[in-house]
file protein.txt (compact mmCIF, C-alpha atoms)
# COMPACT_ATOMS: atom_id res chain seq x y z
CA MET A 139 91.74 106.64 111.60
CA ARG A 140 90.93 104.19 108.82
CA ARG A 141 90.97 106.98 106.26
CA MET A 142 94.41 108.26 107.25
CA ARG A 143 97.63 107.00 105.71
CA CYS A 144 99.38 104.65 108.15
CA VAL A 145 102.92 105.95 107.99
CA LEU A 146 105.75 104.40 109.94
CA SER A 147 105.28 106.67 112.93
CA GLY A 148 101.62 105.70 113.13
CA LEU A 149 102.43 102.01 113.12
CA VAL A 150 104.88 101.87 116.01
CA ALA A 151 102.91 99.18 117.82
CA LEU A 152 102.57 97.11 114.69
CA ILE A 153 106.24 97.43 113.82
CA LEU A 154 107.23 96.37 117.33
CA ALA A 155 104.94 93.37 117.14
CA LEU A 156 105.92 92.34 113.63
CA GLY A 157 109.07 93.97 112.36
CA ALA A 158 111.15 93.24 115.44
CA CYS A 159 110.35 89.53 115.27
CA ALA A 160 112.31 86.99 113.28
CA GLN A 161 109.11 86.20 111.38
CA ALA A 162 105.84 87.99 110.77
CA GLU A 163 102.91 87.21 113.03
CA ILE A 164 99.33 86.95 111.83
CA VAL A 165 97.86 90.05 110.19
CA ASP A 166 94.18 89.51 109.45
CA CYS A 167 93.09 92.89 108.10
CA TRP A 168 94.48 95.97 106.38
CA PRO A 169 97.00 97.70 108.68
CA GLY A 170 95.30 100.49 110.60
CA ASP A 171 91.79 99.05 110.18
CA GLU A 172 89.83 97.79 113.18
CA GLY A 173 88.31 94.98 111.12
CA LYS A 174 87.82 93.73 107.61
CA ARG A 175 86.39 95.77 104.76
CA MET A 176 83.68 94.58 102.38
CA ARG A 177 82.21 95.94 99.14
CA VAL A 178 78.57 96.26 98.10
CA ILE A 179 77.60 94.05 95.12
CA ASP A 180 74.56 92.44 93.47
CA CYS A 181 72.14 95.33 93.91
CA GLU A 182 70.70 97.76 91.38
CA GLU A 183 71.74 101.04 92.99
CA TRP A 184 72.12 100.78 96.77
CA VAL A 185 71.59 98.65 99.88
CA SER A 186 70.14 99.62 103.24
CA LEU A 187 72.23 100.20 106.32
CA ARG A 188 69.76 99.30 109.05
CA ALA A 189 69.66 100.10 112.76
CA LYS A 190 69.13 96.45 113.71
CA PRO A 191 69.72 93.08 111.95
CA SER A 192 66.24 92.96 110.41
CA THR A 193 64.76 94.05 107.08
CA LYS A 194 61.96 95.69 109.08
CA SER A 195 64.36 97.83 111.07
CA GLU A 196 64.89 101.54 110.45
CA ARG A 197 67.04 102.38 107.41
CA LEU A 198 69.87 104.61 108.58
CA GLU A 199 71.13 105.40 105.08
CA LYS A 200 71.57 104.01 101.57
CA ILE A 201 74.98 102.63 100.66
CA PRO A 202 75.68 102.75 96.89
CA LEU A 203 76.64 99.81 94.70
CA TYR A 204 80.43 99.15 94.80
CA GLU A 205 80.86 101.29 97.92
CA THR A 206 83.14 100.01 100.70
CA VAL A 207 82.00 99.41 104.26
CA PHE A 208 84.39 99.09 107.21
CA ASN A 209 84.99 97.15 110.43
CA CYS A 210 82.83 94.25 109.27
CA ARG A 211 81.85 91.31 111.47
CA GLU A 212 79.13 88.69 111.33
CA ALA A 213 75.78 89.37 113.00
CA GLU A 214 72.58 87.38 113.44
CA GLY A 215 69.90 86.82 110.81
CA GLY A 216 72.22 86.81 107.80
CA PHE A 217 73.45 90.36 108.42
CA ILE A 218 76.90 91.94 108.66
CA ARG A 219 77.52 94.64 111.23
CA CYS A 220 79.64 97.38 109.65
CA GLU A 221 80.42 101.07 109.38
CA ALA A 222 79.59 103.35 106.45
CA ARG A 223 82.23 105.70 105.09
CA ASP A 224 80.85 108.52 107.26
CA GLY A 225 81.32 106.39 110.39
CA LYS A 226 77.64 105.53 110.88
CA GLU A 227 77.29 101.97 112.19
CA GLY A 228 74.53 99.51 111.32
CA TYR A 229 73.65 96.25 109.57
CA VAL A 230 73.67 95.16 105.92
CA LEU A 231 72.42 91.86 104.51
CA SER A 232 75.47 89.66 103.92
CA LYS A 233 74.26 88.57 100.47
CA TYR A 234 75.02 92.09 99.23
CA LEU A 235 78.59 92.16 100.52
CA VAL A 236 81.83 90.52 99.39
CA PRO A 237 85.01 90.65 101.50
CA ILE A 238 88.14 92.63 100.66
CA ASP A 239 90.71 90.40 102.31
CA PHE A 240 94.22 91.19 103.44
CA GLU A 241 96.17 88.66 105.49
CA ILE A 242 99.79 87.85 106.29
CA CYS A 243 101.16 84.77 108.05
CA SER A 244 104.57 83.45 109.06
CA ALA A 245 106.10 80.04 108.43
CA GLU A 246 105.60 79.19 112.11
CA ASP A 247 101.82 79.58 111.94
CA ALA A 248 100.60 75.96 111.96
CA GLU A 249 96.97 76.97 111.37
CA ARG A 250 97.49 79.07 108.27
CA GLY A 251 94.78 78.51 105.67
CA ASP A 252 94.90 77.27 102.11
CA GLN A 253 95.05 80.85 100.86
CA PHE A 254 98.74 80.94 101.86
CA TRP A 255 100.96 79.00 99.45
CA ASP A 256 104.06 77.57 101.13
CA ASP A 257 105.15 75.45 98.14
CA PRO A 258 106.84 77.05 95.10
CA ALA A 259 105.29 74.34 92.89
CA LYS A 260 101.86 75.96 93.37
CA PHE A 261 102.97 79.10 91.54
CA VAL A 262 102.35 77.97 87.97
CA GLU A 263 99.53 79.80 86.19
CA ARG A 264 99.50 83.60 86.01
CA SER A 265 102.53 83.78 88.30
CA TRP A 266 105.64 85.93 88.41
CA THR A 267 108.82 86.21 90.45
CA LEU A 268 110.21 89.19 92.35
CA GLU A 269 113.99 88.97 92.37
CA PHE A 270 116.24 90.54 95.00
CA PRO A 271 119.79 90.01 93.64
CA GLU A 272 121.65 90.95 96.82
CA GLN A 273 119.41 88.86 99.08
CA ASP A 274 119.12 85.13 99.74
CA MET A 275 115.36 85.42 99.31
CA HIS A 276 112.95 85.53 96.41
CA VAL A 277 109.23 86.15 96.22
CA LEU A 278 106.68 84.28 94.11
CA CYS A 279 103.34 85.86 93.20
CA ALA A 280 100.18 84.54 91.56
CA TRP A 281 96.91 86.04 90.35
CA GLU A 282 93.61 84.19 89.95
CA SER A 283 89.89 84.88 89.68
CA ASP A 284 86.72 82.98 90.52
CA GLY A 285 84.53 85.34 88.51
CA THR A 286 83.43 87.32 91.58
CA SER A 287 86.74 88.24 93.19
CA GLU A 288 90.33 88.26 92.08
CA LYS A 289 93.03 87.01 94.42
CA VAL A 290 96.74 87.65 94.66
CA ARG A 291 99.07 85.43 96.67
CA VAL A 292 102.59 86.52 97.60
CA SER A 293 105.03 84.11 99.25
CA CYS A 294 108.63 84.69 100.32
CA PHE A 295 111.13 81.80 100.14
CA ASP A 296 114.74 81.49 101.24
CA ALA A 297 117.61 80.22 99.09
CA SER A 298 116.55 76.61 99.73
CA ASP A 299 112.90 77.37 98.80
CA GLY A 300 111.93 77.31 102.46
CA PHE A 301 108.71 79.22 103.19
CA VAL A 302 109.35 82.43 105.18
CA TRP A 303 106.05 84.32 105.05
CA GLY A 304 102.92 84.57 102.93
CA LEU A 305 100.41 87.26 102.00
CA TYR A 306 96.92 86.90 100.58
CA THR A 307 94.65 89.67 99.33
CA SER A 308 91.43 89.78 97.35
CA VAL A 309 89.36 92.44 95.63
CA PRO A 310 85.82 92.20 94.19
CA MET A 311 85.74 92.26 90.39
CA THR A 312 83.93 95.32 89.03
CA ALA A 313 85.84 96.04 85.80
CA GLU A 314 88.16 94.49 83.24
CA LEU A 315 91.23 95.85 85.01
CA ASP A 316 93.41 93.92 87.44
CA GLY A 317 92.57 95.05 90.96
CA SER A 318 95.71 93.83 92.71
CA ASN A 319 99.40 93.37 91.94
CA ALA A 320 102.82 93.00 93.58
CA PHE A 321 106.23 94.51 92.79
CA ALA A 322 109.80 94.52 94.12
CA GLY A 323 110.73 97.81 95.72
CA ALA A 324 112.81 100.02 98.02
CA THR A 325 116.59 100.05 98.18
CA ALA A 326 119.25 97.35 98.14
CA GLU A 327 119.83 98.07 101.84
CA HIS A 328 116.13 97.87 102.71
CA PRO A 329 114.43 95.45 100.28
CA ARG A 330 110.65 95.62 100.26
CA VAL A 331 107.68 94.04 98.52
CA LEU A 332 104.96 96.40 97.25
CA VAL A 333 101.40 95.06 97.17
CA HIS A 334 98.57 97.09 95.67
CA ASN A 335 94.83 96.51 96.11
CA THR A 336 92.47 98.97 94.41
CA CYS A 337 90.00 98.82 97.33
CA LEU A 338 92.63 99.16 100.07
CA GLY A 339 95.67 100.98 98.75
CA LEU A 340 99.41 100.36 98.60
CA VAL A 341 101.28 98.49 101.33
CA VAL A 342 105.04 98.11 101.64
CA ILE A 343 106.20 94.83 103.21
CA ASP A 344 109.62 94.14 104.77
CA LEU A 345 111.22 91.32 102.76
CA ALA A 346 112.92 89.63 105.71
CA THR A 347 110.01 89.63 108.18
CA GLY A 348 106.79 90.03 106.20
CA ALA A 349 105.88 92.97 108.44
CA PRO A 350 103.98 95.97 106.97
CA VAL A 351 106.26 99.01 107.00
CA TRP A 352 103.77 101.62 105.80
CA THR A 353 100.56 101.93 103.83
CA LEU A 354 99.12 104.54 101.49
CA ASN A 355 95.37 104.15 101.86
CA VAL A 356 93.10 104.39 98.82
CA GLU A 357 91.08 107.13 100.58
CA GLU A 358 94.13 109.38 100.44
CA GLU A 359 95.61 108.38 97.07
CA SER A 360 93.81 106.13 94.60
CA LEU A 361 96.34 104.65 92.18
CA GLY A 362 93.79 103.01 89.87
CA GLY A 363 93.55 99.54 88.35
CA SER A 364 96.07 97.52 86.31
CA LEU A 365 98.84 99.43 88.05
CA SER A 366 102.09 100.32 86.30
CA CYS A 367 104.96 100.77 88.73
CA ALA A 368 108.69 101.51 88.75
CA VAL A 369 111.03 101.95 91.71
CA ALA A 370 114.21 104.04 91.63
CA GLU A 371 117.45 103.09 93.42
CA ASP A 372 116.65 105.51 96.25
CA GLY A 373 113.34 103.72 96.86
CA THR A 374 111.08 106.35 95.29
CA ILE A 375 107.98 104.73 93.76
CA TYR A 376 106.39 105.93 90.52
CA ALA A 377 102.95 104.46 89.90
CA GLY A 378 99.75 105.04 87.94
CA GLY A 379 96.67 103.20 86.69
CA PHE A 380 95.53 102.20 83.21
CA TYR A 381 92.61 104.65 83.30
CA GLY A 382 94.48 107.02 85.60
CA PRO A 383 95.93 108.56 87.54
CA ASP A 384 98.94 109.67 85.52
CA PRO A 385 102.23 108.89 87.29
CA VAL A 386 102.36 109.66 91.01
CA ALA A 387 105.68 109.87 92.89
CA ILE A 388 105.81 108.35 96.38
CA SER A 389 108.87 108.53 98.62
CA ALA A 390 110.50 105.46 100.19
CA ASP A 391 108.77 106.50 103.43
CA GLY A 392 105.28 106.70 101.91
CA GLU A 393 104.94 110.45 101.29
CA VAL A 394 103.27 111.56 98.05
CA LEU A 395 105.86 113.84 96.42
CA TRP A 396 103.97 114.91 93.32
CA ARG A 397 101.05 114.07 91.04
CA SER A 398 101.50 114.52 87.30
CA SER A 399 98.86 115.48 84.73
CA ILE A 400 98.94 115.19 80.95
CA ASP A 401 95.41 116.37 80.19
CA HIS A 402 96.88 118.75 77.62
CA ILE A 403 98.56 115.89 75.71
CA HIS A 404 96.70 113.44 73.47
CA THR A 405 97.65 109.96 74.67
CA GLY A 406 96.08 106.57 75.26
CA ARG A 407 96.02 104.55 78.48
CA LEU A 408 98.98 104.15 80.84
CA CYS A 409 100.60 100.74 80.35
CA GLY A 410 104.18 101.07 81.61
CA ILE A 411 106.61 103.21 83.63
CA THR A 412 110.42 103.07 83.68
CA VAL A 413 113.13 105.14 85.36
CA GLU A 414 115.79 106.72 83.12
CA GLY A 415 118.30 108.87 84.97
CA ASP A 416 116.66 112.09 86.13
CA GLU A 417 113.42 111.27 84.30
CA ILE A 418 110.70 108.67 84.30
CA VAL A 419 109.17 107.43 81.06
CA ALA A 420 105.48 106.55 80.79
CA ASP A 421 104.10 104.53 77.88
CA TYR A 422 100.48 105.03 76.83
CA GLU A 423 98.60 102.51 74.69
CA TYR A 424 96.24 103.84 72.00
CA GLN A 425 92.73 102.39 72.17
CA ASP A 426 91.68 102.77 68.51
CA GLU A 427 94.92 101.97 66.70
CA ASP A 428 98.24 100.23 67.17
CA GLY A 429 101.12 102.11 68.71
CA TYR A 430 102.16 103.92 71.86
CA SER A 431 102.57 107.46 73.05
CA ARG A 432 105.60 108.08 75.25
CA VAL A 433 105.89 110.87 77.81
CA TRP A 434 108.96 111.86 79.84
CA PHE A 435 108.58 113.43 83.29
CA ASP A 436 111.11 115.22 85.48
CA ARG A 437 111.69 112.92 88.48
CA ALA A 438 112.01 115.84 90.89
CA THR A 439 108.85 117.76 89.92
CA GLY A 440 106.61 115.55 87.78
CA GLU A 441 106.63 118.15 85.01
CA VAL A 442 106.47 116.88 81.41
CA THR A 443 109.86 117.33 79.76
CA ARG A 444 109.13 115.84 76.30
CA THR A 445 106.77 113.60 74.37
CA GLU A 446 106.89 111.14 71.50
CA ARG A 447 104.03 110.04 69.27

call {"tool": "encode", "arguments": {"input": "protein.txt", "output": "structure tokens"}}
result
Amino acid sequence: MRRMRCVLSGLVALILALGACAQAEIVDCWPGDEGKRMRVIDCEEWVSLRAKPSTKSERLEKIPLYETVFNCREAEGGFIRCEARDGKEGYVLSKYLVPIDFEICSAEDAERGDQFWDDPAKFVERSWTLEFPEQDMHVLCAWESDGTSEKVRVSCFDASDGFVWGLYTSVPMTAELDGSNAFAGATAEHPRVLVHNTCLGLVVIDLATGAPVWTLNVEEESLGGSLSCAVAEDGTIYAGGFYGPDPVAISADGEVLWRSSIDHIHTGRLCGITVEGDEIVADYEYQDEDGYSRVWFDRATGEVTRTER
């Protein structure tokens, strides 16, 4: 279940609980997951998944460095009870795990934590604004790092800067690329906020309620780090990572329409995507010299239509 994309039809209960309300209720893990995910860190190659919360217990399997474990909850003796990717359940020492957080709260939640920013004045450093011209709402976003994890906060405010809902997500740092980002998306009729986490996937949030509409899990489609993203007027999403993949087209309902490939073209690293009529344009940054390589793709098929050095 956790490795399947949570499309709208698979989230009926969640939509009824969240989307039908005037405000979003608490969401404390990635939609479709039974519990929080964590990632293996601070080991040379692997950690032991043990049958019981003891270092003397039987080793069920070895979980590699930077691998994700699922359905995590605290156990005795400094262990975390969790599931491996193959579904095997056991215990891992907590010192080797760092959480991959995903939480949403509403303005009415009096016990929301400090990770949710309900004051626009907090969005100062490394922040950006998502504008929705035809709506009386705007969204402020901020990125920060503590050296171990990077965190992205997303808060929706009304026309008077009143807090409507907030989202918080984190991802362990394992490379120089940004692991999470947020974008404006969908159509003028159905405004959405897109939030990407390299360890979780892509989630589409309803602007008015803060409710998750659908997710594209990383197990089905990994979009890479330092994501470039553009959204067409019909809500189609075009996205790709700095080190790959090349642009991927995703429908407004969360269906992967096509995956492009430019292995036959000498380019750099993907650093930007824009929509131009019936085409999308991808800019690639050279690593060894100044300049960009530009590639045009047919929006309907993902086929390369032309290039520019």

call {"tool": "atom_distance", "arguments": {"input": "protein.txt", "atom1": "CA of Trp168 in chain A", "atom2": "CA of Tyr376 in chain A"}}
result
22.2 Å

call {"tool": "residues_around", "arguments": {"input": "protein.txt", "residues": "Thr445 in chain A", "least_positions_apart": "2", "cutoff": "10 Å", "atoms": "all atoms listed in the file", "output": "ChimeraX atom specification"}}
result
/A:403,405,419-420,431-435,442-443,447

call {"tool": "closest_residue", "arguments": {"input": "protein.txt", "among": "A:Asp316, A:Glu241, A:Glu196, A:Asp274", "to": "Phe380 in chain A", "atoms": "all atoms listed in the file"}}
result
A:Asp316

call {"tool": "closest_residue", "arguments": {"input": "protein.txt", "among": "A:Trp396, A:Trp303, A:Tyr234, A:Tyr204", "to": "Ile218 in chain A", "atoms": "all atoms listed in the file"}}
result
A:Tyr234

call {"tool": "atom_distance", "arguments": {"input": "protein.txt", "atom1": "CA of Leu354 in chain A", "atom2": "CA of Val277 in chain A"}}
result
21.6 Å

call {"tool": "atom_distance", "arguments": {"input": "protein.txt", "atom1": "CA of Phe261 in chain A", "atom2": "CA of Trp281 in chain A"}}
result
9.3 Å

call {"tool": "closest_residue", "arguments": {"input": "protein.txt", "among": "A:Cys337, A:Ala324, A:Ala346, A:Val351", "to": "Gly373 in chain A", "atoms": "all atoms listed in the file"}}
result
A:Ala324

call {"tool": "closest_residue", "arguments": {"input": "protein.txt", "among": "A:Gly323, A:Gly440, A:Gly304, A:Gly406", "to": "Ile418 in chain A", "atoms": "all atoms listed in the file"}}
result
A:Gly440

call {"tool": "closest_residue", "arguments": {"input": "protein.txt", "among": "A:Trp255, A:Phe321, A:Phe217, A:Phe208", "to": "Leu340 in chain A", "atoms": "only C-alpha atoms"}}
result
A:Phe321

call {"tool": "closest_residue", "arguments": {"input": "protein.txt", "among": "A:Asp296, A:Glu423, A:Glu288, A:Asp416", "to": "Asp239 in chain A", "atoms": "all atoms listed in the file"}}
result
A:Glu288

call {"tool": "residues_around", "arguments": {"input": "protein.txt", "residues": "Tyr229 in chain A", "least_positions_apart": "2", "cutoff": "9 Å", "atoms": "only C-alpha atoms", "output": "ChimeraX atom specification"}}
result
/A:186-192,213,217-221,227,231-232

call {"tool": "write_last_selection", "arguments": {"input": "protein.txt", "atoms": "C-alpha atoms", "output": "PDB file, in the coordinates of the input"}}
result
ATOM      1  CA  SER A 186      70.140  99.620 103.240  1.00  0.00           C
ATOM      2  CA  LEU A 187      72.230 100.200 106.320  1.00  0.00           C
ATOM      3  CA  ARG A 188      69.760  99.300 109.050  1.00  0.00           C
ATOM      4  CA  ALA A 189      69.660 100.100 112.760  1.00  0.00           C
ATOM      5  CA  LYS A 190      69.130  96.450 113.710  1.00  0.00           C
ATOM      6  CA  PRO A 191      69.720  93.080 111.950  1.00  0.00           C
ATOM      7  CA  SER A 192      66.240  92.960 110.410  1.00  0.00           C
ATOM      8  CA  ALA A 213      75.780  89.370 113.000  1.00  0.00           C
ATOM      9  CA  PHE A 217      73.450  90.360 108.420  1.00  0.00           C
ATOM     10  CA  ILE A 218      76.900  91.940 108.660  1.00  0.00           C
ATOM     11  CA  ARG A 219      77.520  94.640 111.230  1.00  0.00           C
ATOM     12  CA  CYS A 220      79.640  97.380 109.650  1.00  0.00           C
ATOM     13  CA  GLU A 221      80.420 101.070 109.380  1.00  0.00           C
ATOM     14  CA  GLU A 227      77.290 101.970 112.190  1.00  0.00           C
ATOM     15  CA  LEU A 231      72.420  91.860 104.510  1.00  0.00           C
ATOM     16  CA  SER A 232      75.470  89.660 103.920  1.00  0.00           C
TER      17      SER A 232
END

call {"tool": "residues_around", "arguments": {"input": "protein.txt", "residues": "Gly378 in chain A", "least_positions_apart": "4", "cutoff": "6 Å", "atoms": "all atoms listed in the file", "output": "JSON, numbers by chain"}}
result
{"A": [361, 365, 366, 383, 384, 385]}

call {"tool": "write_last_selection", "arguments": {"input": "protein.txt", "atoms": "C-alpha atoms", "output": "tab-separated table (two decimals), keeping the file's coordinate frame"}}
result
chain	number	residue	atom	x	y	z
A	361	LEU	CA	96.34	104.65	92.18
A	365	LEU	CA	98.84	99.43	88.05
A	366	SER	CA	102.09	100.32	86.30
A	383	PRO	CA	95.93	108.56	87.54
A	384	ASP	CA	98.94	109.67	85.52
A	385	PRO	CA	102.23	108.89	87.29

call {"tool": "residues_near_point", "arguments": {"input": "protein.txt", "point": "(107.7, 81.4, 109.1)", "cutoff": "8 Å", "atoms": "only C-alpha atoms", "output": "list in words"}}
result
Gln161, Ala162, Cys243, Ser244, Ala245, Glu246, Asp247, Phe301, Val302 and Trp303 of chain A

call {"tool": "residues_near_point", "arguments": {"input": "protein.txt", "point": "(117.3, 100.5, 91.1)", "cutoff": "12 Å", "atoms": "all atoms listed in the file", "output": "PyMOL selection string"}}
result
chain A and resi 270-272+322-329+368-375+412-415

call {"tool": "write_last_selection", "arguments": {"input": "protein.txt", "atoms": "C-alpha atoms", "output": "JSON list (two decimals), keeping the file's coordinate frame"}}
result
[["chain", "number", "residue", "atom", "x", "y", "z"],
["A", 270, "PHE", "CA", 116.24, 90.54, 95.00],
["A", 271, "PRO", "CA", 119.79, 90.01, 93.64],
["A", 272, "GLU", "CA", 121.65, 90.95, 96.82],
["A", 322, "ALA", "CA", 109.80, 94.52, 94.12],
["A", 323, "GLY", "CA", 110.73, 97.81, 95.72],
["A", 324, "ALA", "CA", 112.81, 100.02, 98.02],
["A", 325, "THR", "CA", 116.59, 100.05, 98.18],
["A", 326, "ALA", "CA", 119.25, 97.35, 98.14],
["A", 327, "GLU", "CA", 119.83, 98.07, 101.84],
["A", 328, "HIS", "CA", 116.13, 97.87, 102.71],
["A", 329, "PRO", "CA", 114.43, 95.45, 100.28],
["A", 368, "ALA", "CA", 108.69, 101.51, 88.75],
["A", 369, "VAL", "CA", 111.03, 101.95, 91.71],
["A", 370, "ALA", "CA", 114.21, 104.04, 91.63],
["A", 371, "GLU", "CA", 117.45, 103.09, 93.42],
["A", 372, "ASP", "CA", 116.65, 105.51, 96.25],
["A", 373, "GLY", "CA", 113.34, 103.72, 96.86],
["A", 374, "THR", "CA", 111.08, 106.35, 95.29],
["A", 375, "ILE", "CA", 107.98, 104.73, 93.76],
["A", 412, "THR", "CA", 110.42, 103.07, 83.68],
["A", 413, "VAL", "CA", 113.13, 105.14, 85.36],
["A", 414, "GLU", "CA", 115.79, 106.72, 83.12],
["A", 415, "GLY", "CA", 118.30, 108.87, 84.97]]

call {"tool": "residues_around", "arguments": {"input": "protein.txt", "residues": "Arg264 in chain A", "least_positions_apart": "5", "cutoff": "12 Å", "atoms": "only C-alpha atoms", "output": "list of chain:residue names"}}
result
A:Leu278, A:Cys279, A:Ala280, A:Trp281, A:Glu282, A:Ser283, A:Glu288, A:Lys289, A:Val290, A:Arg291, A:Asn319
